[in-house]
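**Student:** Could you have a look at this structure, given as structure tokens, before my questions?
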Amino acid sequence: MRSIRPFNLRDLFFLGDRGGLAFRLFSYFAVILLLILILQNIAEVALVRVLLHVPEKIQQEMLDLAAQAEVMIKEGDMDDLADWERGQDYYLFVLDNEQNTLSGQQMHPHFEFKLQFMRQLDTTFENRVNQPIIAIPLRSGHKLVIQFPHQYHPGCFP
């Protein structure tokens with residue numbers, strides 16, 4: 001009568017002979033696969049750091065808007081400031097230290113909520129397209145907050 005041999009994982013994966021060709025080939029394959037995955041991950045992180053920033057052209061536009069806001073604040077006419085805010089291509093406001101608009105213009109509640117997550121101009125975006133709030137400090141102690149338009153996000157391809 002034949003005896004039934006118990007199931008052994010070592011036999012299934014040919015692990016009994018570590019000097020054998022099958023073990024060496026699978027070991028080399030596993031090491032190479034692991035190296036490829038590590039290198040791919042490093043390349044992806046480097047690419048994200050390089051590409052997912054506010055584009056230079058948009059940074060300059062936002063800095064120009066900040067300079068214009070400084071002039072409007074110096075002039076002191078808040079009605080002109082409100083008109084200026086409404087006339088921009090970006091959804092933006094000039095805020096005081098308590099996050100109140102200087103112009104008295106109402107902001108959308110979602111925009112007001114997103115003020116908690118303001119970012120600097122040199123921020124790194126996520127790889128998904130969103131509309132973060134960019135804050136630019138002004139010399140007057142106020143800040144210009146701009147909603148970054150989704151169509152300019154570096155991850156958005158035409």
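To be explicit about the labels: the chains of the structure tokens are called A, B, and onward in the order shown, and within each one the residues are counted from 1, while ligands get numbers from 1 in the order they are shown.
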Near Phe148 (chain A), counting only C-alpha atoms, which residues have an atom at most 9 Å away, once you skip same-chain residues fewer than 3 positions from it, shown as a PDB file with N, CA, C and O atoms, in the first residue's frame?

**Tutor:**
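Writing the result to part09.pdb gives the following:
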```pdb
ATOM      1  N   VAL A  54       3.692  75.370  -9.852  1.00  0.00           N
ATOM      2  CA  VAL A  54       3.007  76.446 -10.555  1.00  0.00           C
ATOM      3  C   VAL A  54       3.910  76.865 -11.711  1.00  0.00           C
ATOM      4  O   VAL A  54       5.083  77.177 -11.496  1.00  0.00           O
ATOM      5  N   TYR A  90      -8.640  85.428 -12.558  1.00  0.00           N
ATOM      6  CA  TYR A  90      -8.583  84.490 -11.443  1.00  0.00           C
ATOM      7  C   TYR A  90      -9.635  84.885 -10.402  1.00  0.00           C
ATOM      8  O   TYR A  90      -9.991  86.050 -10.275  1.00  0.00           O
ATOM      9  N   TYR A  91     -10.104  83.869  -9.646  1.00  0.00           N
ATOM     10  CA  TYR A  91     -10.980  84.138  -8.512  1.00  0.00           C
ATOM     11  C   TYR A  91     -10.054  84.475  -7.356  1.00  0.00           C
ATOM     12  O   TYR A  91      -9.294  83.614  -6.888  1.00  0.00           O
ATOM     13  N   ASN A 130      -6.656  69.754  -9.246  1.00  0.00           N
ATOM     14  CA  ASN A 130      -7.544  70.407  -8.297  1.00  0.00           C
ATOM     15  C   ASN A 130      -7.306  71.914  -8.388  1.00  0.00           C
ATOM     16  O   ASN A 130      -6.513  72.370  -9.206  1.00  0.00           O
ATOM     17  N   GLN A 131      -7.968  72.675  -7.565  1.00  0.00           N
ATOM     18  CA  GLN A 131      -7.848  74.122  -7.596  1.00  0.00           C
ATOM     19  C   GLN A 131      -7.428  74.634  -6.224  1.00  0.00           C
ATOM     20  O   GLN A 131      -8.248  75.160  -5.473  1.00  0.00           O
ATOM     21  N   PRO A 132      -6.147  74.509  -5.885  1.00  0.00           N
ATOM     22  CA  PRO A 132      -5.710  74.975  -4.570  1.00  0.00           C
ATOM     23  C   PRO A 132      -5.742  76.497  -4.476  1.00  0.00           C
ATOM     24  O   PRO A 132      -5.783  77.198  -5.488  1.00  0.00           O
ATOM     25  N   ILE A 133      -5.719  76.991  -3.254  1.00  0.00           N
ATOM     26  CA  ILE A 133      -5.678  78.419  -2.990  1.00  0.00           C
ATOM     27  C   ILE A 133      -4.212  78.798  -2.764  1.00  0.00           C
ATOM     28  O   ILE A 133      -3.536  78.237  -1.903  1.00  0.00           O
ATOM     29  N   ILE A 134      -3.737  79.742  -3.565  1.00  0.00           N
ATOM     30  CA  ILE A 134      -2.368  80.229  -3.459  1.00  0.00           C
ATOM     31  C   ILE A 134      -2.410  81.548  -2.691  1.00  0.00           C
ATOM     32  O   ILE A 134      -3.180  82.448  -3.032  1.00  0.00           O
ATOM     33  N   GLN A 151      -7.431  74.567 -15.375  1.00  0.00           N
ATOM     34  CA  GLN A 151      -6.922  74.417 -16.741  1.00  0.00           C
ATOM     35  C   GLN A 151      -5.423  74.707 -16.842  1.00  0.00           C
ATOM     36  O   GLN A 151      -4.787  74.325 -17.820  1.00  0.00           O
ATOM     37  N   TYR A 152      -4.831  75.358 -15.833  1.00  0.00           N
ATOM     38  CA  TYR A 152      -3.393  75.627 -15.840  1.00  0.00           C
ATOM     39  C   TYR A 152      -2.609  74.613 -15.021  1.00  0.00           C
ATOM     40  O   TYR A 152      -1.396  74.711 -14.900  1.00  0.00           O
ATOM     41  N   HIS A 153      -3.284  73.663 -14.427  1.00  0.00           N
ATOM     42  CA  HIS A 153      -2.595  72.650 -13.613  1.00  0.00           C
ATOM     43  C   HIS A 153      -1.642  71.869 -14.501  1.00  0.00           C
ATOM     44  O   HIS A 153      -2.004  71.448 -15.596  1.00  0.00           O
TER      45      HIS A 153
END
```

**Student:** Any idea what's packed within 12 Å of Glu61 (chain A), counting only C-alpha atoms, ignoring anything in its chain fewer than 2 positions away? Could you give it as JSON, numbers by chain?

**Tutor:** {"A": [54, 55, 56, 57, 58, 59, 63, 64, 65, 66, 67, 68, 88, 89, 90, 121, 136, 146, 148]}

**Student:** Could you write out that same residue set with C-alpha atoms as a PDB file, in the first residue's frame?

**Tutor:**
```pdb
ATOM      1  CA  VAL A  54       3.007  76.446 -10.555  1.00  0.00           C
ATOM      2  CA  PRO A  55       4.231  77.215 -14.082  1.00  0.00           C
ATOM      3  CA  GLU A  56       6.689  80.138 -14.302  1.00  0.00           C
ATOM      4  CA  LYS A  57       4.333  82.195 -16.488  1.00  0.00           C
ATOM      5  CA  ILE A  58       1.463  81.812 -13.997  1.00  0.00           C
ATOM      6  CA  GLN A  59       3.788  82.625 -11.071  1.00  0.00           C
ATOM      7  CA  LEU A  63       3.169  88.284  -8.616  1.00  0.00           C
ATOM      8  CA  ASP A  64       2.017  91.052 -10.971  1.00  0.00           C
ATOM      9  CA  LEU A  65      -1.470  90.797  -9.453  1.00  0.00           C
ATOM     10  CA  ALA A  66       0.081  91.081  -5.984  1.00  0.00           C
ATOM     11  CA  ALA A  67       1.902  94.271  -7.053  1.00  0.00           C
ATOM     12  CA  GLN A  68      -1.355  95.675  -8.432  1.00  0.00           C
ATOM     13  CA  GLN A  88      -9.516  89.525 -12.885  1.00  0.00           C
ATOM     14  CA  ASP A  89      -9.256  86.225 -14.769  1.00  0.00           C
ATOM     15  CA  TYR A  90      -8.583  84.490 -11.443  1.00  0.00           C
ATOM     16  CA  LEU A 121       3.427  80.221  -4.627  1.00  0.00           C
ATOM     17  CA  ILE A 136       0.919  85.676  -1.652  1.00  0.00           C
ATOM     18  CA  ILE A 146      -5.892  83.273  -5.622  1.00  0.00           C
ATOM     19  CA  PHE A 148      -5.448  78.294  -9.034  1.00  0.00           C
TER      20      PHE A 148
END
```

**Student:** Would you compute the distance between CA of Phe111 (chain A) and CA of Gln99 (chain A)? Give it in Å to one decimal.

**Tutor:** 11.5 Å

**Student:** Using only C-alpha atoms, which residue out of A:Met107, A:Ile42, A:Leu102, A:Val145 lies closest to Gln120 (chain A)?

**Tutor:**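 The closest residue to Gln120 (chain A) is A:Val145.
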